[in-house]
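Trainee: Here you go, entry-v7.txt (compact mmCIF, C-alpha atoms):
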# COMPACT_ATOMS: atom_id res chain seq x y z
CA MET A 15 165.57 33.72 -1.73
CA ARG A 16 166.70 36.61 -3.93
CA VAL A 17 166.89 35.60 -7.56
CA GLN A 18 167.53 37.85 -10.51
CA VAL A 19 167.26 37.30 -14.22
CA GLY A 20 170.70 36.56 -15.60
CA ASP A 21 172.05 34.96 -12.39
CA GLU A 22 173.89 31.71 -12.97
CA ILE A 23 173.24 28.98 -10.43
CA PRO A 24 176.16 26.95 -9.01
CA GLU A 25 177.39 24.50 -11.64
CA LEU A 26 177.59 20.75 -11.15
CA VAL A 27 180.26 18.64 -12.85
CA LYS A 28 179.56 14.92 -13.16
CA HIS A 29 182.06 12.22 -14.08
CA PRO A 30 180.04 9.42 -15.70
CA THR A 31 181.72 6.02 -16.12
CA THR A 32 180.66 2.84 -17.93
CA ARG A 33 180.05 1.40 -14.46
CA GLN A 34 177.56 4.20 -13.80
CA LEU A 35 175.78 3.48 -17.10
CA VAL A 36 175.30 -0.15 -16.03
CA GLN A 37 174.13 0.98 -12.60
CA TYR A 38 171.70 3.42 -14.20
CA ALA A 39 170.45 0.81 -16.69
CA GLY A 40 169.58 -1.40 -13.73
CA ALA A 41 168.01 1.35 -11.63
CA GLN A 42 165.86 2.65 -14.47
CA GLY A 43 165.22 -0.71 -16.09
CA ASP A 44 166.44 0.55 -19.49
CA PHE A 45 168.53 -2.26 -20.91
CA TYR A 46 168.99 -0.89 -24.42
CA GLU A 47 172.44 -2.21 -25.37
CA ILE A 48 173.82 1.11 -26.70
CA HIS A 49 174.47 2.03 -23.06
CA TYR A 50 176.73 -0.90 -22.11
CA ASP A 51 177.63 -3.05 -25.15
CA GLN A 52 180.42 -1.42 -27.21
CA ASP A 53 179.99 -3.70 -30.25
CA PHE A 54 176.23 -3.19 -30.31
CA ALA A 55 176.65 0.59 -30.02
CA ARG A 56 179.15 0.68 -32.92
CA GLY A 57 176.84 -1.59 -34.93
CA VAL A 58 174.15 1.11 -34.89
CA GLY A 59 176.60 3.82 -35.95
CA LEU A 60 177.62 5.21 -32.57
CA PRO A 61 181.26 5.78 -31.57
CA GLY A 62 180.79 3.51 -28.55
CA VAL A 63 178.45 3.30 -25.59
CA ILE A 64 176.67 6.53 -24.76
CA LEU A 65 174.98 8.06 -21.73
CA HIS A 66 171.24 7.56 -21.32
CA GLY A 67 169.45 10.80 -22.13
CA LEU A 68 167.53 10.37 -18.90
CA LEU A 69 170.78 10.08 -16.94
CA LYS A 70 171.80 13.48 -18.30
CA ALA A 71 168.32 14.72 -17.37
CA ALA A 72 168.89 13.37 -13.85
CA PHE A 73 172.18 15.30 -13.67
CA LEU A 74 170.37 18.50 -14.66
CA GLY A 75 167.61 17.66 -12.19
CA GLN A 76 170.26 17.48 -9.46
CA LEU A 77 171.68 20.82 -10.61
CA VAL A 78 168.27 22.42 -10.10
CA THR A 79 167.26 20.67 -6.85
CA ASP A 80 170.71 21.35 -5.29
CA TRP A 81 170.16 25.04 -6.01
CA LEU A 82 166.48 25.10 -5.01
CA GLY A 83 166.76 22.97 -1.87
CA GLU A 84 163.72 23.31 0.37
CA ARG A 85 163.20 26.94 -0.64
CA GLY A 86 160.71 26.12 -3.33
CA THR A 87 159.00 23.45 -5.41
CA LEU A 88 159.97 22.25 -8.85
CA LYS A 89 156.94 22.59 -11.14
CA THR A 90 158.18 21.64 -14.61
CA PHE A 91 161.41 20.25 -15.99
CA GLU A 92 162.04 19.80 -19.69
CA VAL A 93 165.13 18.57 -21.52
CA SER A 94 166.06 18.00 -25.17
CA TYR A 95 168.97 15.81 -26.12
CA ARG A 96 170.99 17.44 -28.87
CA GLY A 97 174.08 15.30 -28.93
CA ILE A 98 175.54 12.08 -27.63
CA ASP A 99 177.90 11.83 -24.68
CA GLN A 100 180.36 9.09 -23.86
CA PRO A 101 181.46 7.92 -20.42
CA GLY A 102 184.96 8.82 -19.22
CA ARG A 103 184.47 12.49 -19.99
CA PRO A 104 183.32 15.15 -17.53
CA TYR A 105 179.80 16.45 -17.99
CA ARG A 106 179.28 20.02 -16.87
CA CYS A 107 175.75 21.06 -15.84
CA ARG A 108 174.88 24.73 -15.74
CA GLY A 109 171.84 26.94 -15.36
CA LYS A 110 170.74 30.51 -15.49
CA ILE A 111 167.66 32.40 -14.27
CA THR A 112 165.66 33.56 -17.30
CA ARG A 113 162.45 34.84 -15.74
CA VAL A 114 161.15 35.92 -12.36
CA ALA A 115 157.46 36.73 -11.88
CA GLY A 116 156.31 36.93 -8.27
CA ASP A 117 157.13 33.57 -6.70
CA GLN A 118 157.57 31.88 -10.12
CA VAL A 119 161.09 31.39 -11.44
CA GLU A 120 162.19 30.02 -14.77
CA LEU A 121 165.66 28.70 -15.49
CA GLU A 122 167.50 27.71 -18.61
CA VAL A 123 169.60 24.60 -17.91
CA TRP A 124 172.11 22.83 -20.06
CA GLY A 125 174.80 20.16 -20.02
CA GLU A 126 178.12 20.64 -21.76
CA ASP A 127 180.49 17.99 -23.01
CA SER A 128 184.25 18.37 -22.51
CA ASP A 129 184.47 20.48 -25.72
CA GLY A 130 181.86 22.92 -24.42
CA ASN A 131 179.07 21.71 -26.74
CA ARG A 132 175.60 21.95 -25.21
CA THR A 133 174.47 18.37 -25.76
CA THR A 134 171.45 18.68 -23.47
CA VAL A 135 169.35 21.82 -23.17
CA GLY A 136 166.24 22.47 -21.17
CA THR A 137 164.16 24.61 -18.88
CA ALA A 138 162.90 24.28 -15.33
CA THR A 139 160.24 26.25 -13.53
CA ALA A 140 159.91 26.51 -9.78
CA GLU A 141 157.60 28.13 -7.29
CA LEU A 142 159.43 29.77 -4.41
CA LYS A 143 158.09 29.76 -0.89
CA GLY A 144 157.07 33.21 0.29
CA MET B 8 157.37 2.59 -49.89
CA ALA B 9 157.87 0.18 -46.99
CA VAL B 10 159.08 3.07 -44.84
CA THR B 11 155.97 5.13 -45.61
CA SER B 12 153.71 2.30 -44.61
CA ILE B 13 155.42 1.97 -41.21
CA VAL B 14 154.74 5.65 -40.56
CA ASP B 15 151.12 5.26 -41.68
CA ARG B 16 150.63 2.20 -39.51
CA LEU B 17 152.03 4.05 -36.50
CA ARG B 18 150.00 7.18 -37.21
CA ALA B 19 146.87 5.07 -37.15
CA ARG B 20 147.69 4.19 -33.53
CA VAL B 21 147.96 7.82 -32.30
CA GLY B 22 145.69 8.23 -29.28
CA GLU B 23 146.05 4.60 -28.29
CA ALA B 24 146.56 4.11 -24.54
CA GLY B 25 148.51 1.29 -22.98
CA PRO B 26 147.20 -0.66 -20.00
CA PRO B 27 147.55 1.20 -16.66
CA ARG B 28 150.50 -0.07 -14.66
CA SER B 29 150.89 0.29 -10.93
CA ALA B 30 153.93 0.13 -8.68
CA THR B 31 154.79 1.07 -5.13
CA VAL B 32 157.65 3.49 -4.50
CA GLU B 33 160.09 1.38 -2.51
CA ALA B 34 162.84 2.81 -0.31
CA GLY B 35 165.42 0.40 -1.75
CA HIS B 36 164.59 1.37 -5.32
CA LEU B 37 164.81 5.08 -4.52
CA GLU B 38 168.18 4.53 -2.87
CA ARG B 39 169.53 2.53 -5.83
CA PHE B 40 168.24 5.15 -8.26
CA ALA B 41 169.82 8.07 -6.35
CA GLU B 42 173.07 6.13 -6.15
CA ALA B 43 172.97 5.38 -9.89
CA ILE B 44 172.52 9.04 -10.81
CA GLY B 45 175.19 9.99 -8.26
CA ASP B 46 172.97 12.34 -6.25
CA PRO B 47 173.84 12.08 -2.53
CA ASN B 48 171.00 14.36 -1.32
CA PRO B 49 169.44 12.54 1.72
CA ARG B 50 166.06 13.95 0.66
CA TRP B 51 165.88 11.19 -2.00
CA LEU B 52 165.76 8.47 0.67
CA ALA B 53 162.12 9.41 1.24
CA GLU B 54 161.06 11.39 -1.82
CA ALA B 55 161.38 10.76 -5.57
CA PRO B 56 164.01 12.88 -7.37
CA PRO B 57 162.82 14.71 -10.53
CA THR B 58 163.31 11.91 -13.06
CA PHE B 59 162.53 8.87 -10.86
CA LEU B 60 159.08 8.12 -12.27
CA VAL B 61 160.58 6.83 -15.52
CA ALA B 62 162.17 4.07 -13.44
CA LEU B 63 159.04 3.14 -11.52
CA VAL B 64 157.06 1.45 -14.27
CA PRO B 65 158.08 0.46 -17.79
CA ALA B 66 156.65 2.31 -20.79
CA SER B 67 153.19 0.96 -21.36
CA VAL B 68 152.80 1.42 -25.12
CA HIS B 69 154.97 -0.98 -27.08
CA LEU B 70 155.35 -0.25 -30.79
CA ALA B 71 156.91 -3.28 -32.40
CA GLU B 72 156.45 -1.85 -35.91
CA ALA B 73 158.57 1.21 -35.05
CA GLU B 74 161.59 -1.08 -34.85
CA GLU B 75 161.27 -1.77 -38.57
CA TYR B 76 162.21 1.88 -39.15
CA GLY B 77 165.91 2.83 -39.11
CA LYS B 78 168.63 1.20 -37.08
CA GLY B 79 168.12 2.29 -33.54
CA TRP B 80 166.36 4.35 -30.91
CA LEU B 81 167.40 7.73 -29.57
CA ASN B 82 165.77 9.69 -26.80
CA GLY B 83 164.83 13.13 -28.15
CA GLY B 84 163.64 14.74 -24.96
CA ASN B 85 161.51 14.55 -21.86
CA ARG B 86 159.16 17.00 -20.22
CA PHE B 87 158.00 16.48 -16.65
CA GLU B 88 155.20 18.35 -14.94
CA TYR B 89 155.03 17.95 -11.16
CA LEU B 90 151.73 18.27 -9.34
CA GLU B 91 152.45 16.62 -5.98
CA PRO B 92 155.53 15.09 -4.35
CA VAL B 93 155.97 11.33 -4.73
CA ARG B 94 157.12 9.62 -1.53
CA VAL B 95 158.19 6.21 -0.29
CA GLY B 96 155.16 3.97 0.06
CA ASP B 97 153.07 5.77 -2.55
CA ARG B 98 151.22 3.47 -4.91
CA ILE B 99 151.49 5.04 -8.37
CA THR B 100 149.47 4.10 -11.43
CA ALA B 101 150.88 5.18 -14.78
CA THR B 102 148.83 5.36 -17.94
CA GLY B 103 150.69 6.01 -21.15
CA LYS B 104 149.41 6.87 -24.58
CA LEU B 105 150.83 7.42 -28.02
CA ALA B 106 150.38 11.16 -28.54
CA ASP B 107 151.93 11.78 -31.96
CA VAL B 108 154.04 10.27 -34.73
CA TYR B 109 155.80 12.20 -37.47
CA GLU B 110 158.76 11.94 -39.80
CA LYS B 111 161.45 14.57 -40.39
CA SER B 112 164.41 14.62 -42.72
CA GLY B 113 167.68 15.50 -41.02
CA SER B 114 171.25 15.94 -42.22
CA SER B 115 171.94 12.21 -41.83
CA GLY B 116 168.67 10.92 -43.33
CA SER B 117 165.09 10.54 -42.18
CA LEU B 118 164.07 10.36 -38.57
CA LEU B 119 160.87 9.09 -37.06
CA PHE B 120 159.57 10.97 -34.01
CA ILE B 121 157.23 9.21 -31.62
CA ILE B 122 155.67 11.20 -28.78
CA PHE B 123 154.44 9.42 -25.66
CA GLU B 124 152.47 10.95 -22.82
CA THR B 125 152.14 9.36 -19.41
CA GLU B 126 150.04 10.43 -16.47
CA TYR B 127 150.91 9.25 -12.97
CA VAL B 128 148.18 9.04 -10.33
CA ASN B 129 148.73 8.20 -6.64
CA GLN B 130 146.79 5.92 -4.27
CA HIS B 131 144.44 8.79 -3.41
CA GLY B 132 143.44 9.15 -7.06
CA ARG B 133 145.30 12.45 -7.44
CA PRO B 134 147.56 13.07 -10.42
CA VAL B 135 151.14 13.58 -9.20
CA ALA B 136 153.00 14.08 -12.47
CA ARG B 137 152.79 14.04 -16.23
CA LEU B 138 155.54 13.10 -18.63
CA ARG B 139 155.90 13.78 -22.33
CA GLY B 140 158.68 11.88 -24.03
CA THR B 141 160.05 12.03 -27.56
CA ALA B 142 161.51 8.78 -28.88
CA ILE B 143 163.37 8.87 -32.19
CA ARG B 144 164.08 6.07 -34.65
CA ARG B 145 167.10 6.76 -36.80
What does this structure look like when you write it as structure tokens?
Mentor:
Amino acid sequence: MRVQVGDEIPELVKHPTTRQLVQYAGAQGDFYEIHYDQDFARGVGLPGVILHGLLKAAFLGQLVTDWLGERGTLKTFEVSYRGIDQPGRPYRCRGKITRVAGDQVELEVWGEDSDGNRTTVGTATAELKG
Amino acid sequence: MAVTSIVDRLRARVGEAGPPRSATVEAGHLERFAEAIGDPNPRWLAEAPPTFLVALVPASVHLAEAEEYGKGWLNGGNRFEYLEPVRVGDRITATGKLADVYEKSGSSGSLLFIIFETEYVNQHGRPVARLRGTAIRR
């Protein structure tokens, strides 16, 4: 696989819904009410229910594994949550190659809300097969 | 002063490990997880996608006193390190520990940062992944 610093990988746009948040809460076993109970979420100062950080991480994980496929192995994956995201709005996942050293590749990944704010930022490293 | 004492009480627990917890990676759970994150890749019917381990076993260190600080929890970030693939049928044991606790003042008041580290070991005794998570009380 030819990869060059500066290359953007194919983007992934997700369309999270409140239904998906409930599904994710069940699948992860994270039943914190800010993800499905509007009144509870507002009670702790949020505008309404918000996406699980780890759901956004999963979206970015998909971005990277869709790009990598079977051509290499994911070694590290790190995300920081910088802002909240609400369901009903598209979530755009993007990534860019930041470093290539032999078979080691590093990517910057991020998720953008519908206003273009990077609410999740992170890095992934992968080892490519020879 | 009450707030300071919560931080001190938590800081005294840094290094504390929770009990190891084990779980088997089940095909049905993997399928439900992949469906929940909306990732249709058939690879995830047999192998764990990058964030699946957080769903396998609940966090093993419970910090009741942290809930006296602020109004709610936020997830600050997660860092995964992958050492070996995790597949259907693997028996994984997770051991979590409290790695750090510190307070920071932000634009909207003080925040409490709690860092957890978890190591996941498979049925052959080999570490498969490590996770570092930052939980925030606000």
Trainee: Nearest to chain B among A:Gly116, A:Gly136, A:Pro61, A:Gly109, with distances taken over only C-alpha atoms: which residue is it?
Mentor: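 Among A:Gly116, A:Gly136, A:Pro61, A:Gly109, it is A:Gly136 that comes nearest to chain B.
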Trainee: From the set B:Ser115, B:Val21, B:Ser12, B:Val68, which residue has the shortest atom-to-atom contact distance to chain A, counting all atoms listed in the file?
Mentor: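 Once distances to chain A are computed over all atoms listed in the file, the minimum belongs to B:Ser115.
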Trainee: Counting all atoms listed in the file, what is within 12 Å of Asn131 of chain A, bar same-chain residues fewer than 5 positions away, as a ChimeraX atom specification?
Mentor: /A:95-99,105-107,124-126
Trainee: If we draw a sphere of 12 Å around (169.8, 7.2, -6.0), which residues have at least one atom in it when counting only C-alpha atoms? Please report them as a short mmCIF file (atom, residue, chain, number, x, y, z; two decimals) with C-alpha atoms, keeping the file's coordinate frame.
Mentor:
data_model
loop_
_atom_site.label_atom_id
_atom_site.label_comp_id
_atom_site.auth_asym_id
_atom_site.auth_seq_id
_atom_site.Cartn_x
_atom_site.Cartn_y
_atom_site.Cartn_z
CA GLN A 34 177.56 4.20 -13.80
CA GLN A 37 174.13 0.98 -12.60
CA TYR A 38 171.70 3.42 -14.20
CA GLY A 40 169.58 -1.40 -13.73
CA ALA A 41 168.01 1.35 -11.63
CA GLN A 42 165.86 2.65 -14.47
CA LEU A 69 170.78 10.08 -16.94
CA ALA A 72 168.89 13.37 -13.85
CA PHE A 73 172.18 15.30 -13.67
CA GLN A 76 170.26 17.48 -9.46
CA GLU B 33 160.09 1.38 -2.51
CA ALA B 34 162.84 2.81 -0.31
CA GLY B 35 165.42 0.40 -1.75
CA HIS B 36 164.59 1.37 -5.32
CA LEU B 37 164.81 5.08 -4.52
CA GLU B 38 168.18 4.53 -2.87
CA ARG B 39 169.53 2.53 -5.83
CA PHE B 40 168.24 5.15 -8.26
CA ALA B 41 169.82 8.07 -6.35
CA GLU B 42 173.07 6.13 -6.15
CA ALA B 43 172.97 5.38 -9.89
CA ILE B 44 172.52 9.04 -10.81
CA GLY B 45 175.19 9.99 -8.26
CA ASP B 46 172.97 12.34 -6.25
CA PRO B 47 173.84 12.08 -2.53
CA ASN B 48 171.00 14.36 -1.32
CA PRO B 49 169.44 12.54 1.72
CA ARG B 50 166.06 13.95 0.66
CA TRP B 51 165.88 11.19 -2.00
CA LEU B 52 165.76 8.47 0.67
CA ALA B 53 162.12 9.41 1.24
CA GLU B 54 161.06 11.39 -1.82
CA ALA B 55 161.38 10.76 -5.57
CA PRO B 56 164.01 12.88 -7.37
CA PRO B 57 162.82 14.71 -10.53
CA THR B 58 163.31 11.91 -13.06
CA PHE B 59 162.53 8.87 -10.86
CA ALA B 62 162.17 4.07 -13.44
#
Trainee: For atom CA of Gly103 of chain B and atom CA of Glu72 of chain B, determine how far apart the two atoms are, in Å to one decimal place.
Mentor: 17.7 Å
Trainee: Which residue, B:Asn85, B:Thr141, B:Thr125, B:Gln130, has the smallest gap to chain A when you use only C-alpha atoms?
Mentor: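 Of B:Asn85, B:Thr141, B:Thr125, B:Gln130, the one nearest chain A is B:Asn85, counting only C-alpha atoms.
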Trainee: Pick from B:Ile13, B:Ala106, B:Ala24, B:Val64: nearest to chain A, with only C-alpha atoms counted?
Mentor: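 Between B:Ile13, B:Ala106, B:Ala24, B:Val64, the residue approaching chain A most closely is B:Val64.
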Trainee: What separation in Å, quoted to one decimal, exists between atom CA of Thr112 of chain A and atom CA of Ser128 of chain A?
Mentor: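 Computed distance, atom CA of Thr112 of chain A to atom CA of Ser128 of chain A, equals 24.6 Å.
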Trainee: Could you tell me which of A:Pro101, A:Glu22, A:Lys28, A:Asp129 comes closest to His49 of chain A if we count all atoms listed in the file?
Mentor: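 Closest candidate: A:Pro101.
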Trainee: Just the number, please: distance in Å from atom CA of Thr100 of chain B to atom CA of Val32 of chain B, one decimal.
Mentor: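 Between atom CA of Thr100 of chain B and atom CA of Val32 of chain B the gap is 10.7 Å.
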Trainee: Measuring between all atoms listed in the file, which one of A:Pro30, A:Asp127, A:Leu65, A:Val19 shows the shortest distance to Glu47 of chain A?
Mentor: A:Leu65
Trainee: Put the listed atoms of segment 113-122 of chain A in a box along x, y and z with 6 Å added on every side and give me the centre and edge lengths in Å to one decimal, as AutoDock Vina command-line options.
Mentor:
--center_x 161.9 --center_y 32.3 --center_z -12.7 --size_x 23.2 --size_y 21.2 --size_z 23.9
Trainee: Leaving out Arg28 of chain B and any residue of its chain fewer than 4 positions from it, which residues lie within 10 Å of it when counting all atoms listed in the file, given as a PyMOL selection string?
Mentor: chain B and resi 63-67+99-103+127
